[in-house]
Amino acid sequence: RVKADPDAPPPPATGAPPAANAAETAATTTATNLDQEFISMFRNPSLTTPTGQITNTTIQQQFGPHRITALAATINGLTSRGRLTMSRHTTTGELLYNLVSESQATKFEGLDMSARLVYQIIERAGNMGIWTKDIRTQSNIQQLALNKIFKALESRRLIKPTKSVTAKAKKLYMLFDLMPAKEITGGPWYTELEFDHEFISELRHFIMHCVRRLNGGNGVSLREIMDKMTEANVSRVRLSLGEIRQLVRTLVYDYMVEETAPAPFAAVGGSGRGGGGSGGREEELYVAARRVSTVCDFKWWDVVDPDFHFRQIKFEDGVTLAAHEPHHHT
């Protein structure tokens, strides 16, 4: 046995040299800083598009030609984890990057590129949805494989199927959290894709009640009808001024309501009616339609007489029209 010399220097340490460890630590720190810098760009409104995306041009300007190569690892890592999606601008064709939240990224975990492509196609359709046939055309995926992708995305609550009032037999897909557009659901006039005649009839009856009772029957505005509807809570959904106008117009077309001369409407600070003055606009008023008057003092063949329009005409309800005065027909 050889006895160790206590004065001998210690043996060299095993493993990587200290210089290599330092270089590896520095590289890891640099990559982490690069990740954080890239993610922070999506929180800067001056760098993102109105939809929260970042263009490829913006990234190249921010990182420059020397660091853009190192950024490729960051982009690949975020993409593989589902934190980053890419698309093309519809008009310019430029590459766009979109950052996905951590909670959203977990929903994409385990999905292949085909499923993510289908999701992006549906996402671009917005609340108008997209037909199954159009998805198959854009993705170039066979129907059998597409059905499996739909089932996987639905189970993760990423997309949902819906139907349109214009084509009840076909199926639309849109993102799970979106509300379908009125063009798809039919708006408040449809219930479960069926035209709700009873609901519309109740609203028309209430509007006729407003026309006859409010303001002594001398005319009511659309805004007053809307306020009275809200107060009485007669509609299961909140109707806009345009939707109430649609209902009133149906009454006009059915000769149950007439439009009268507009009344001054204050744009700011008024009660909605009668608050005219400078800066106000005029708002149309609606009254109950008058009954049809019948002529009693001449026969139909008198109308062909050349002097007919110079005559004074008396009606059985007591109304007298002077010469040249037009008769208002309802």
# chains A, B, ... in the order shown; residues from 1 in each chain; ligands from 1
$ residues_around --residues "Ile135 (chain A)" --least-positions-apart "6" --cutoff "9 Å" --atoms "only C-alpha atoms" --output "list in words"
Val118, Ile121, Ile122, Ile141 and Leu146 of chain A
$ write_last_selection --atoms "C-alpha atoms" --output "PDB file, in the first residue's frame"
ATOM      1  CA  VAL A 118     -58.899  23.349 -38.217  1.00  0.00           C
ATOM      2  CA  ILE A 121     -59.858  28.157 -39.752  1.00  0.00           C
ATOM      3  CA  ILE A 122     -62.864  28.196 -37.419  1.00  0.00           C
ATOM      4  CA  ILE A 141     -58.521  17.091 -44.751  1.00  0.00           C
ATOM      5  CA  LEU A 146     -62.194  15.857 -39.964  1.00  0.00           C
TER       6      LEU A 146
END
$ residues_around --residues "Glu194 (chain A)" --least-positions-apart "6" --cutoff "10 Å" --atoms "only C-alpha atoms" --output "PDB file with N, CA, C and O atoms, in the first residue's frame"
ATOM      1  N   VAL A 165     -80.700  29.843 -39.304  1.00  0.00           N
ATOM      2  CA  VAL A 165     -82.121  29.886 -39.658  1.00  0.00           C
ATOM      3  C   VAL A 165     -82.314  29.739 -41.158  1.00  0.00           C
ATOM      4  O   VAL A 165     -83.398  29.376 -41.620  1.00  0.00           O
ATOM      5  N   LYS A 168     -81.283  24.980 -41.817  1.00  0.00           N
ATOM      6  CA  LYS A 168     -81.376  24.257 -40.548  1.00  0.00           C
ATOM      7  C   LYS A 168     -80.766  22.861 -40.613  1.00  0.00           C
ATOM      8  O   LYS A 168     -80.389  22.306 -39.588  1.00  0.00           O
ATOM      9  N   THR A 185     -78.757  33.390 -36.006  1.00  0.00           N
ATOM     10  CA  THR A 185     -79.850  33.022 -35.106  1.00  0.00           C
ATOM     11  C   THR A 185     -81.191  33.614 -35.508  1.00  0.00           C
ATOM     12  O   THR A 185     -82.231  33.159 -35.043  1.00  0.00           O
ATOM     13  N   GLY A 186     -81.170  34.655 -36.376  1.00  0.00           N
ATOM     14  CA  GLY A 186     -82.412  35.328 -36.729  1.00  0.00           C
ATOM     15  C   GLY A 186     -82.751  36.469 -35.799  1.00  0.00           C
ATOM     16  O   GLY A 186     -83.769  37.140 -35.976  1.00  0.00           O
TER      17      GLY A 186
END
$ closest_residue --among "A:Gln312, A:Ser101, A:Gln120, A:Ser114" --to "Arg81 (chain A)" --atoms "only C-alpha atoms"
A:Ser101
$ atom_distance --atom1 "CA of Thr48 (chain A)" --atom2 "CA of Arg83 (chain A)"
16.5 Å
$ closest_residue --among "A:Glu154, A:Pro65, A:Asn127, A:Ile54" --to "Pro180 (chain A)" --atoms "only C-alpha atoms"
A:Asn127
$ residues_around --residues "Arg245 (chain A)" --least-positions-apart "4" --cutoff "12 Å" --atoms "only C-alpha atoms" --output "JSON, numbers by chain"
{"A": [203, 204, 207, 221, 222, 223, 224, 225, 226, 239, 240, 241, 249, 250, 251, 252, 259, 284, 285, 286]}
$ write_last_selection --atoms "N, CA and C atoms" --output "PDB file, in the first residue's frame"
ATOM      1  N   LEU A 203     -95.725  41.840 -28.788  1.00  0.00           N
ATOM      2  CA  LEU A 203     -95.036  43.120 -28.853  1.00  0.00           C
ATOM      3  C   LEU A 203     -95.827  44.122 -29.689  1.00  0.00           C
ATOM      4  N   ARG A 204     -96.404  43.691 -30.796  1.00  0.00           N
ATOM      5  CA  ARG A 204     -97.220  44.587 -31.626  1.00  0.00           C
ATOM      6  C   ARG A 204     -98.441  45.087 -30.848  1.00  0.00           C
ATOM      7  N   ILE A 207     -97.261  47.763 -28.485  1.00  0.00           N
ATOM      8  CA  ILE A 207     -96.958  49.017 -29.190  1.00  0.00           C
ATOM      9  C   ILE A 207     -98.251  49.769 -29.512  1.00  0.00           C
ATOM     10  N   SER A 221     -93.083  58.580 -29.900  1.00  0.00           N
ATOM     11  CA  SER A 221     -91.825  58.348 -30.603  1.00  0.00           C
ATOM     12  C   SER A 221     -91.318  56.930 -30.338  1.00  0.00           C
ATOM     13  N   LEU A 222     -90.381  56.509 -31.161  1.00  0.00           N
ATOM     14  CA  LEU A 222     -89.788  55.183 -30.973  1.00  0.00           C
ATOM     15  C   LEU A 222     -89.071  55.092 -29.631  1.00  0.00           C
ATOM     16  N   ARG A 223     -88.407  56.164 -29.252  1.00  0.00           N
ATOM     17  CA  ARG A 223     -87.673  56.142 -27.986  1.00  0.00           C
ATOM     18  C   ARG A 223     -88.625  56.012 -26.796  1.00  0.00           C
ATOM     19  N   GLU A 224     -89.797  56.656 -26.891  1.00  0.00           N
ATOM     20  CA  GLU A 224     -90.777  56.529 -25.810  1.00  0.00           C
ATOM     21  C   GLU A 224     -91.330  55.109 -25.746  1.00  0.00           C
ATOM     22  N   ILE A 225     -91.524  54.489 -26.911  1.00  0.00           N
ATOM     23  CA  ILE A 225     -91.985  53.101 -26.927  1.00  0.00           C
ATOM     24  C   ILE A 225     -90.933  52.189 -26.299  1.00  0.00           C
ATOM     25  N   MET A 226     -89.664  52.415 -26.639  1.00  0.00           N
ATOM     26  CA  MET A 226     -88.592  51.588 -26.095  1.00  0.00           C
ATOM     27  C   MET A 226     -88.504  51.742 -24.579  1.00  0.00           C
ATOM     28  N   LEU A 239     -84.511  44.958 -26.671  1.00  0.00           N
ATOM     29  CA  LEU A 239     -84.600  45.317 -28.080  1.00  0.00           C
ATOM     30  C   LEU A 239     -83.938  46.666 -28.323  1.00  0.00           C
ATOM     31  N   SER A 240     -83.259  46.772 -29.445  1.00  0.00           N
ATOM     32  CA  SER A 240     -82.635  48.034 -29.825  1.00  0.00           C
ATOM     33  C   SER A 240     -83.671  48.940 -30.478  1.00  0.00           C
ATOM     34  N   LEU A 241     -83.299  50.195 -30.702  1.00  0.00           N
ATOM     35  CA  LEU A 241     -84.197  51.141 -31.340  1.00  0.00           C
ATOM     36  C   LEU A 241     -84.515  50.703 -32.771  1.00  0.00           C
ATOM     37  N   ARG A 249     -92.866  49.474 -38.123  1.00  0.00           N
ATOM     38  CA  ARG A 249     -93.074  49.512 -39.567  1.00  0.00           C
ATOM     39  C   ARG A 249     -94.060  48.424 -40.016  1.00  0.00           C
ATOM     40  N   THR A 250     -94.063  47.280 -39.345  1.00  0.00           N
ATOM     41  CA  THR A 250     -95.044  46.252 -39.709  1.00  0.00           C
ATOM     42  C   THR A 250     -96.465  46.743 -39.431  1.00  0.00           C
ATOM     43  N   LEU A 251     -96.620  47.536 -38.364  1.00  0.00           N
ATOM     44  CA  LEU A 251     -97.940  48.102 -38.062  1.00  0.00           C
ATOM     45  C   LEU A 251     -98.319  49.165 -39.085  1.00  0.00           C
ATOM     46  N   VAL A 252     -97.333  49.900 -39.565  1.00  0.00           N
ATOM     47  CA  VAL A 252     -97.589  50.899 -40.599  1.00  0.00           C
ATOM     48  C   VAL A 252     -98.031  50.218 -41.886  1.00  0.00           C
ATOM     49  N   GLU A 259     -97.481  57.434 -39.552  1.00  0.00           N
ATOM     50  CA  GLU A 259     -96.376  58.312 -39.164  1.00  0.00           C
ATOM     51  C   GLU A 259     -96.804  59.752 -39.377  1.00  0.00           C
ATOM     52  N   GLU A 284     -89.456  61.105 -35.589  1.00  0.00           N
ATOM     53  CA  GLU A 284     -90.780  60.815 -36.115  1.00  0.00           C
ATOM     54  C   GLU A 284     -91.711  60.345 -35.006  1.00  0.00           C
ATOM     55  N   LEU A 285     -93.012  60.656 -35.181  1.00  0.00           N
ATOM     56  CA  LEU A 285     -94.037  60.262 -34.230  1.00  0.00           C
ATOM     57  C   LEU A 285     -95.031  59.335 -34.930  1.00  0.00           C
ATOM     58  N   TYR A 286     -95.687  58.490 -34.134  1.00  0.00           N
ATOM     59  CA  TYR A 286     -96.631  57.533 -34.684  1.00  0.00           C
ATOM     60  C   TYR A 286     -97.951  57.650 -33.940  1.00  0.00           C
TER      61      TYR A 286
END
$ select_by_dssp --residues "region 36-187 of chain A" --states "strand (DSSP E)" --output "compact mmCIF listing (two decimals) with all heavy atoms, in the first residue's frame"
# COMPACT_ATOMS: atom_id res chain seq x y z
N ILE A 54 -48.61 40.43 -33.63
CA ILE A 54 -47.36 41.10 -33.97
C ILE A 54 -46.92 40.62 -35.35
O ILE A 54 -46.93 39.41 -35.63
CB ILE A 54 -46.26 40.80 -32.93
CG1 ILE A 54 -46.62 41.44 -31.58
CG2 ILE A 54 -44.91 41.32 -33.39
CD1 ILE A 54 -45.58 41.22 -30.51
N THR A 55 -46.55 41.55 -36.19
CA THR A 55 -46.12 41.19 -37.54
C THR A 55 -44.67 40.74 -37.53
O THR A 55 -43.89 41.07 -36.62
CB THR A 55 -46.28 42.39 -38.48
OG1 THR A 55 -45.40 43.45 -38.05
CG2 THR A 55 -47.71 42.91 -38.47
N LEU A 84 -48.00 29.88 -28.93
CA LEU A 84 -47.85 30.80 -30.06
C LEU A 84 -48.52 30.19 -31.29
O LEU A 84 -48.31 29.02 -31.61
CB LEU A 84 -46.37 31.07 -30.33
CG LEU A 84 -46.05 32.26 -31.25
CD1 LEU A 84 -46.41 33.58 -30.56
CD2 LEU A 84 -44.57 32.25 -31.63
N THR A 85 -49.34 31.01 -31.96
CA THR A 85 -49.95 30.59 -33.21
C THR A 85 -49.57 31.59 -34.30
O THR A 85 -49.29 32.76 -34.02
CB THR A 85 -51.48 30.52 -33.10
OG1 THR A 85 -51.99 31.83 -32.74
CG2 THR A 85 -51.90 29.50 -32.06
N MET A 86 -49.58 31.11 -35.53
CA MET A 86 -49.18 31.96 -36.67
C MET A 86 -50.27 31.92 -37.73
O MET A 86 -50.96 30.91 -37.91
CB MET A 86 -47.85 31.48 -37.25
CG MET A 86 -46.65 31.75 -36.36
SD MET A 86 -45.15 30.94 -36.93
CE MET A 86 -45.42 29.28 -36.32
N SER A 87 -50.40 33.05 -38.43
CA SER A 87 -51.38 33.15 -39.52
C SER A 87 -50.86 34.18 -40.52
O SER A 87 -49.84 34.83 -40.31
CB SER A 87 -52.75 33.55 -38.98
OG SER A 87 -52.69 34.80 -38.32
N ARG A 88 -51.61 34.32 -41.61
CA ARG A 88 -51.24 35.26 -42.65
C ARG A 88 -52.27 36.39 -42.72
O ARG A 88 -53.46 36.17 -42.53
CB ARG A 88 -51.18 34.56 -44.02
CG ARG A 88 -50.04 33.56 -44.15
CD ARG A 88 -48.74 34.24 -44.44
NE ARG A 88 -47.65 33.27 -44.60
CZ ARG A 88 -46.39 33.63 -44.83
NH1 ARG A 88 -46.06 34.90 -44.93
NH2 ARG A 88 -45.45 32.70 -44.96
N LEU A 95 -46.75 37.48 -42.35
CA LEU A 95 -46.84 36.53 -41.25
C LEU A 95 -47.19 37.25 -39.95
O LEU A 95 -46.56 38.25 -39.61
CB LEU A 95 -45.53 35.76 -41.11
CG LEU A 95 -45.52 34.57 -40.14
CD1 LEU A 95 -46.49 33.50 -40.60
CD2 LEU A 95 -44.11 34.00 -40.04
N LEU A 96 -48.18 36.74 -39.23
CA LEU A 96 -48.64 37.32 -37.97
C LEU A 96 -48.47 36.31 -36.84
O LEU A 96 -48.72 35.12 -37.02
CB LEU A 96 -50.10 37.74 -38.06
CG LEU A 96 -50.46 38.80 -39.11
CD1 LEU A 96 -51.97 38.98 -39.17
CD2 LEU A 96 -49.79 40.13 -38.80
N TYR A 97 -48.03 36.79 -35.66
CA TYR A 97 -47.85 35.95 -34.49
C TYR A 97 -48.89 36.34 -33.44
O TYR A 97 -49.13 37.54 -33.19
CB TYR A 97 -46.45 36.11 -33.90
CG TYR A 97 -45.35 35.60 -34.81
CD1 TYR A 97 -44.77 36.43 -35.77
CD2 TYR A 97 -44.88 34.29 -34.71
CE1 TYR A 97 -43.76 35.97 -36.61
CE2 TYR A 97 -43.87 33.82 -35.54
CZ TYR A 97 -43.32 34.66 -36.49
OH TYR A 97 -42.32 34.20 -37.31
N ASN A 98 -49.49 35.36 -32.81
CA ASN A 98 -50.49 35.59 -31.78
C ASN A 98 -50.13 34.78 -30.54
O ASN A 98 -49.92 33.56 -30.61
CB ASN A 98 -51.88 35.20 -32.27
CG ASN A 98 -52.95 35.49 -31.24
OD1 ASN A 98 -53.01 36.60 -30.71
ND2 ASN A 98 -53.78 34.51 -30.95
N LEU A 99 -50.02 35.45 -29.39
CA LEU A 99 -49.65 34.78 -28.14
C LEU A 99 -50.90 34.22 -27.47
O LEU A 99 -51.91 34.90 -27.32
CB LEU A 99 -48.95 35.77 -27.20
CG LEU A 99 -48.36 35.17 -25.92
CD1 LEU A 99 -47.21 34.23 -26.26
CD2 LEU A 99 -47.88 36.28 -24.99
N ILE A 130 -68.62 28.87 -39.77
CA ILE A 130 -68.17 28.37 -41.06
C ILE A 130 -68.76 26.98 -41.29
O ILE A 130 -68.85 26.17 -40.37
CB ILE A 130 -66.63 28.33 -41.13
CG1 ILE A 130 -66.15 27.90 -42.53
CG2 ILE A 130 -66.02 27.47 -40.05
CD1 ILE A 130 -64.66 28.05 -42.73
N TRP A 131 -69.18 26.73 -42.53
CA TRP A 131 -69.79 25.45 -42.86
C TRP A 131 -68.74 24.34 -42.86
O TRP A 131 -67.56 24.58 -43.13
CB TRP A 131 -70.45 25.52 -44.23
CG TRP A 131 -71.52 26.55 -44.36
CD1 TRP A 131 -71.45 27.73 -45.05
CD2 TRP A 131 -72.82 26.53 -43.77
NE1 TRP A 131 -72.61 28.43 -44.93
CE2 TRP A 131 -73.48 27.72 -44.15
CE3 TRP A 131 -73.49 25.61 -42.96
CZ2 TRP A 131 -74.79 28.01 -43.75
CZ3 TRP A 131 -74.79 25.91 -42.56
CH2 TRP A 131 -75.43 27.09 -42.95
N ILE A 159 -64.50 24.43 -29.64
CA ILE A 159 -65.44 24.82 -30.68
C ILE A 159 -66.81 24.26 -30.33
O ILE A 159 -66.94 23.43 -29.42
CB ILE A 159 -65.01 24.29 -32.08
CG1 ILE A 159 -65.02 22.76 -32.09
CG2 ILE A 159 -63.64 24.84 -32.47
CD1 ILE A 159 -64.80 22.17 -33.46
N LYS A 160 -67.82 24.73 -31.05
CA LYS A 160 -69.18 24.21 -30.85
C LYS A 160 -69.92 24.24 -32.18
O LYS A 160 -69.70 25.13 -33.01
CB LYS A 160 -69.93 25.05 -29.81
CG LYS A 160 -70.15 26.50 -30.21
CD LYS A 160 -70.87 27.27 -29.13
CE LYS A 160 -71.02 28.74 -29.50
NZ LYS A 160 -71.69 29.52 -28.43
N PRO A 161 -70.79 23.27 -32.39
CA PRO A 161 -71.61 23.29 -33.61
C PRO A 161 -72.86 24.14 -33.40
O PRO A 161 -73.37 24.25 -32.28
CB PRO A 161 -71.97 21.81 -33.80
CG PRO A 161 -71.98 21.26 -32.41
CD PRO A 161 -70.97 22.04 -31.62
N THR A 162 -73.36 24.74 -34.45
CA THR A 162 -74.59 25.50 -34.38
C THR A 162 -75.28 25.43 -35.73
O THR A 162 -74.69 24.95 -36.71
CB THR A 162 -74.33 26.97 -33.99
OG1 THR A 162 -75.57 27.64 -33.81
CG2 THR A 162 -73.50 27.67 -35.04
N LYS A 163 -76.52 25.90 -35.79
CA LYS A 163 -77.28 25.88 -37.04
C LYS A 163 -77.77 27.27 -37.37
O LYS A 163 -77.88 28.13 -36.50
CB LYS A 163 -78.44 24.89 -36.93
CG LYS A 163 -78.00 23.44 -36.82
CD LYS A 163 -79.18 22.49 -36.80
CE LYS A 163 -78.72 21.05 -36.73
NZ LYS A 163 -79.87 20.10 -36.72
N SER A 164 -78.08 27.48 -38.62
CA SER A 164 -78.53 28.77 -39.11
C SER A 164 -80.01 28.70 -39.46
O SER A 164 -80.52 27.66 -39.89
CB SER A 164 -77.72 29.19 -40.34
OG SER A 164 -78.27 30.35 -40.93
N ALA A 167 -80.47 27.66 -43.10
CA ALA A 167 -80.18 26.28 -43.51
C ALA A 167 -80.13 25.41 -42.26
O ALA A 167 -79.06 25.14 -41.72
CB ALA A 167 -78.86 26.22 -44.28
N LYS A 168 -81.28 24.98 -41.82
CA LYS A 168 -81.38 24.26 -40.55
C LYS A 168 -80.77 22.86 -40.61
O LYS A 168 -80.39 22.31 -39.59
CB LYS A 168 -82.84 24.16 -40.12
CG LYS A 168 -83.51 25.51 -39.94
CD LYS A 168 -84.98 25.35 -39.65
CE LYS A 168 -85.69 26.70 -39.60
NZ LYS A 168 -87.13 26.57 -39.37
N ALA A 169 -80.67 22.31 -41.81
CA ALA A 169 -80.15 20.95 -41.94
C ALA A 169 -78.62 20.90 -41.94
O ALA A 169 -78.03 19.85 -41.70
CB ALA A 169 -80.67 20.29 -43.21
N LYS A 170 -77.98 22.03 -42.20
CA LYS A 170 -76.52 22.07 -42.25
C LYS A 170 -75.95 22.46 -40.89
O LYS A 170 -76.65 22.98 -40.02
CB LYS A 170 -76.06 23.06 -43.32
CG LYS A 170 -76.45 22.67 -44.73
CD LYS A 170 -75.90 23.67 -45.74
CE LYS A 170 -76.26 23.29 -47.16
NZ LYS A 170 -75.73 24.28 -48.14
N LYS A 171 -74.65 22.21 -40.74
CA LYS A 171 -73.99 22.47 -39.46
C LYS A 171 -72.88 23.49 -39.64
O LYS A 171 -72.07 23.42 -40.55
CB LYS A 171 -73.41 21.17 -38.89
CG LYS A 171 -72.88 21.29 -37.47
CD LYS A 171 -72.33 19.97 -36.98
CE LYS A 171 -73.43 18.97 -36.74
NZ LYS A 171 -72.92 17.73 -36.11
N LEU A 172 -72.89 24.47 -38.73
CA LEU A 172 -71.84 25.50 -38.67
C LEU A 172 -70.98 25.24 -37.44
O LEU A 172 -71.45 24.71 -36.44
CB LEU A 172 -72.46 26.89 -38.56
CG LEU A 172 -73.06 27.54 -39.80
CD1 LEU A 172 -73.91 28.72 -39.39
CD2 LEU A 172 -71.98 27.99 -40.75
N TYR A 173 -69.71 25.67 -37.55
CA TYR A 173 -68.82 25.60 -36.39
C TYR A 173 -68.27 26.99 -36.09
O TYR A 173 -67.97 27.77 -37.00
CB TYR A 173 -67.66 24.64 -36.65
CG TYR A 173 -68.02 23.19 -36.44
CD1 TYR A 173 -68.35 22.37 -37.51
CD2 TYR A 173 -68.04 22.64 -35.16
CE1 TYR A 173 -68.68 21.03 -37.31
CE2 TYR A 173 -68.37 21.31 -34.95
CZ TYR A 173 -68.69 20.52 -36.03
OH TYR A 173 -69.02 19.20 -35.83
N MET A 174 -68.16 27.29 -34.80
CA MET A 174 -67.52 28.52 -34.35
C MET A 174 -66.86 28.25 -33.01
O MET A 174 -67.05 27.19 -32.41
CB MET A 174 -68.54 29.66 -34.23
CG MET A 174 -69.60 29.47 -33.17
SD MET A 174 -70.74 30.87 -33.08
CE MET A 174 -71.40 30.88 -34.75
N LEU A 175 -66.06 29.21 -32.53
CA LEU A 175 -65.38 29.04 -31.25
C LEU A 175 -66.41 28.91 -30.12
O LEU A 175 -67.49 29.49 -30.16
CB LEU A 175 -64.44 30.20 -30.98
CG LEU A 175 -63.26 30.36 -31.93
CD1 LEU A 175 -62.30 31.43 -31.41
CD2 LEU A 175 -62.52 29.05 -32.15
$ closest_residue --among "A:Glu94, A:Ala105, A:Gly129, A:Ile68" --to "Ser80 (chain A)" --atoms "only C-alpha atoms"
A:Ala105
$ closest_residue --among "A:Val319, A:Leu71, A:Val100, A:Ala288" --to "His209 (chain A)" --atoms "only C-alpha atoms"
A:Ala288
$ residues_around --residues "Trp189 (chain A)" --least-positions-apart "3" --cutoff "10 Å" --atoms "only C-alpha atoms" --output "list in words"
Lys182, Thr185, Gly186, Leu193, Glu194, Phe195, Asp196, His197, Glu198, Phe199, Ile200 and Glu243 of chain A
$ select_by_dssp --residues "region 97-276 of chain A" --states "helix (DSSP H, G or I)" --output "PyMOL selection string"
chain A and resi 102-108+113-128+132-139+143-155+182-185+187-189+197-217+222-232+241-253
$ write_last_selection --atoms "C-alpha atoms" --output "compact mmCIF listing (two decimals), in the first residue's frame"
# COMPACT_ATOMS: atom_id res chain seq x y z
CA GLU A 102 -51.26 29.51 -20.45
CA SER A 103 -54.79 28.34 -19.65
CA GLN A 104 -55.70 28.29 -23.33
CA ALA A 105 -52.47 26.53 -24.26
CA THR A 106 -53.30 23.61 -21.96
CA LYS A 107 -56.41 22.97 -24.04
CA PHE A 108 -54.24 22.51 -27.14
CA MET A 113 -51.01 20.27 -36.47
CA SER A 114 -54.13 19.18 -38.38
CA ALA A 115 -56.37 19.87 -35.37
CA ARG A 116 -54.71 23.24 -34.79
CA LEU A 117 -55.19 24.13 -38.45
CA VAL A 118 -58.90 23.35 -38.22
CA TYR A 119 -59.14 25.46 -35.06
CA GLN A 120 -57.48 28.43 -36.78
CA ILE A 121 -59.86 28.16 -39.75
CA ILE A 122 -62.86 28.20 -37.42
CA GLU A 123 -61.34 31.04 -35.40
CA ARG A 124 -61.03 33.24 -38.50
CA ALA A 125 -64.75 32.78 -39.24
CA GLY A 126 -65.70 34.69 -36.08
CA ASN A 127 -69.29 34.73 -34.86
CA MET A 128 -70.61 34.09 -38.38
CA THR A 132 -68.30 21.97 -42.57
CA LYS A 133 -67.81 21.86 -46.35
CA ASP A 134 -65.78 25.08 -46.29
CA ILE A 135 -63.56 23.73 -43.50
CA ARG A 136 -62.86 20.61 -45.54
CA THR A 137 -62.01 22.73 -48.59
CA GLN A 138 -59.66 25.08 -46.75
CA SER A 139 -57.90 22.41 -44.69
CA GLN A 143 -64.17 14.01 -43.94
CA LEU A 144 -63.50 10.96 -41.74
CA ALA A 145 -60.38 12.52 -40.20
CA LEU A 146 -62.19 15.86 -39.96
CA ASN A 147 -65.00 14.32 -37.93
CA LYS A 148 -62.45 12.99 -35.42
CA ILE A 149 -60.89 16.45 -35.15
CA PHE A 150 -64.31 18.03 -34.57
CA LYS A 151 -65.01 15.54 -31.81
CA ALA A 152 -61.65 16.19 -30.14
CA LEU A 153 -62.06 19.99 -30.28
CA GLU A 154 -65.64 19.80 -29.00
CA SER A 155 -64.62 17.59 -26.05
CA LYS A 182 -78.02 37.74 -35.67
CA GLU A 183 -77.70 36.62 -39.27
CA ILE A 184 -77.28 33.09 -37.92
CA THR A 185 -79.85 33.02 -35.11
CA GLY A 187 -82.17 37.81 -33.88
CA PRO A 188 -84.92 38.30 -31.29
CA TRP A 189 -87.66 37.29 -33.75
CA HIS A 197 -95.22 34.64 -34.23
CA GLU A 198 -96.68 34.71 -30.71
CA PHE A 199 -93.83 36.82 -29.29
CA ILE A 200 -94.06 39.33 -32.15
CA SER A 201 -97.86 39.52 -31.83
CA GLU A 202 -97.54 40.37 -28.12
CA LEU A 203 -95.04 43.12 -28.85
CA ARG A 204 -97.22 44.59 -31.63
CA HIS A 205 -100.21 44.62 -29.26
CA PHE A 206 -98.14 46.44 -26.63
CA ILE A 207 -96.96 49.02 -29.19
CA MET A 208 -100.58 49.70 -30.21
CA HIS A 209 -101.36 50.22 -26.52
CA CYS A 210 -98.54 52.80 -26.32
CA VAL A 211 -99.68 54.57 -29.48
CA ARG A 212 -103.25 54.94 -28.19
CA ARG A 213 -102.51 55.79 -24.53
CA LEU A 214 -99.23 57.72 -24.36
CA ASN A 215 -99.34 61.51 -24.85
CA GLY A 216 -103.13 61.39 -25.18
CA GLY A 217 -102.89 59.55 -28.47
CA LEU A 222 -89.79 55.18 -30.97
CA ARG A 223 -87.67 56.14 -27.99
CA GLU A 224 -90.78 56.53 -25.81
CA ILE A 225 -91.99 53.10 -26.93
CA MET A 226 -88.59 51.59 -26.10
CA ASP A 227 -88.56 53.20 -22.64
CA LYS A 228 -92.08 51.96 -21.93
CA MET A 229 -91.13 48.44 -23.07
CA THR A 230 -88.16 48.43 -20.72
CA GLU A 231 -90.27 49.72 -17.85
CA ALA A 232 -93.03 47.13 -18.40
CA LEU A 241 -84.20 51.14 -31.34
CA GLY A 242 -83.76 49.67 -34.81
CA GLU A 243 -85.59 46.45 -33.85
CA ILE A 244 -88.48 48.44 -32.37
CA ARG A 245 -88.61 50.43 -35.60
CA GLN A 246 -89.00 47.14 -37.48
CA LEU A 247 -92.03 46.25 -35.35
CA VAL A 248 -93.61 49.68 -35.81
CA ARG A 249 -93.07 49.51 -39.57
CA THR A 250 -95.04 46.25 -39.71
CA LEU A 251 -97.94 48.10 -38.06
CA VAL A 252 -97.59 50.90 -40.60
CA TYR A 253 -97.68 48.41 -43.48
$ residues_around --residues "Glu37 (chain A)" --least-positions-apart "5" --cutoff "10 Å" --atoms "only C-alpha atoms" --output "list of chain:residue names"
A:Ala31, A:Thr32, A:Phe42, A:Gln62, A:Phe63
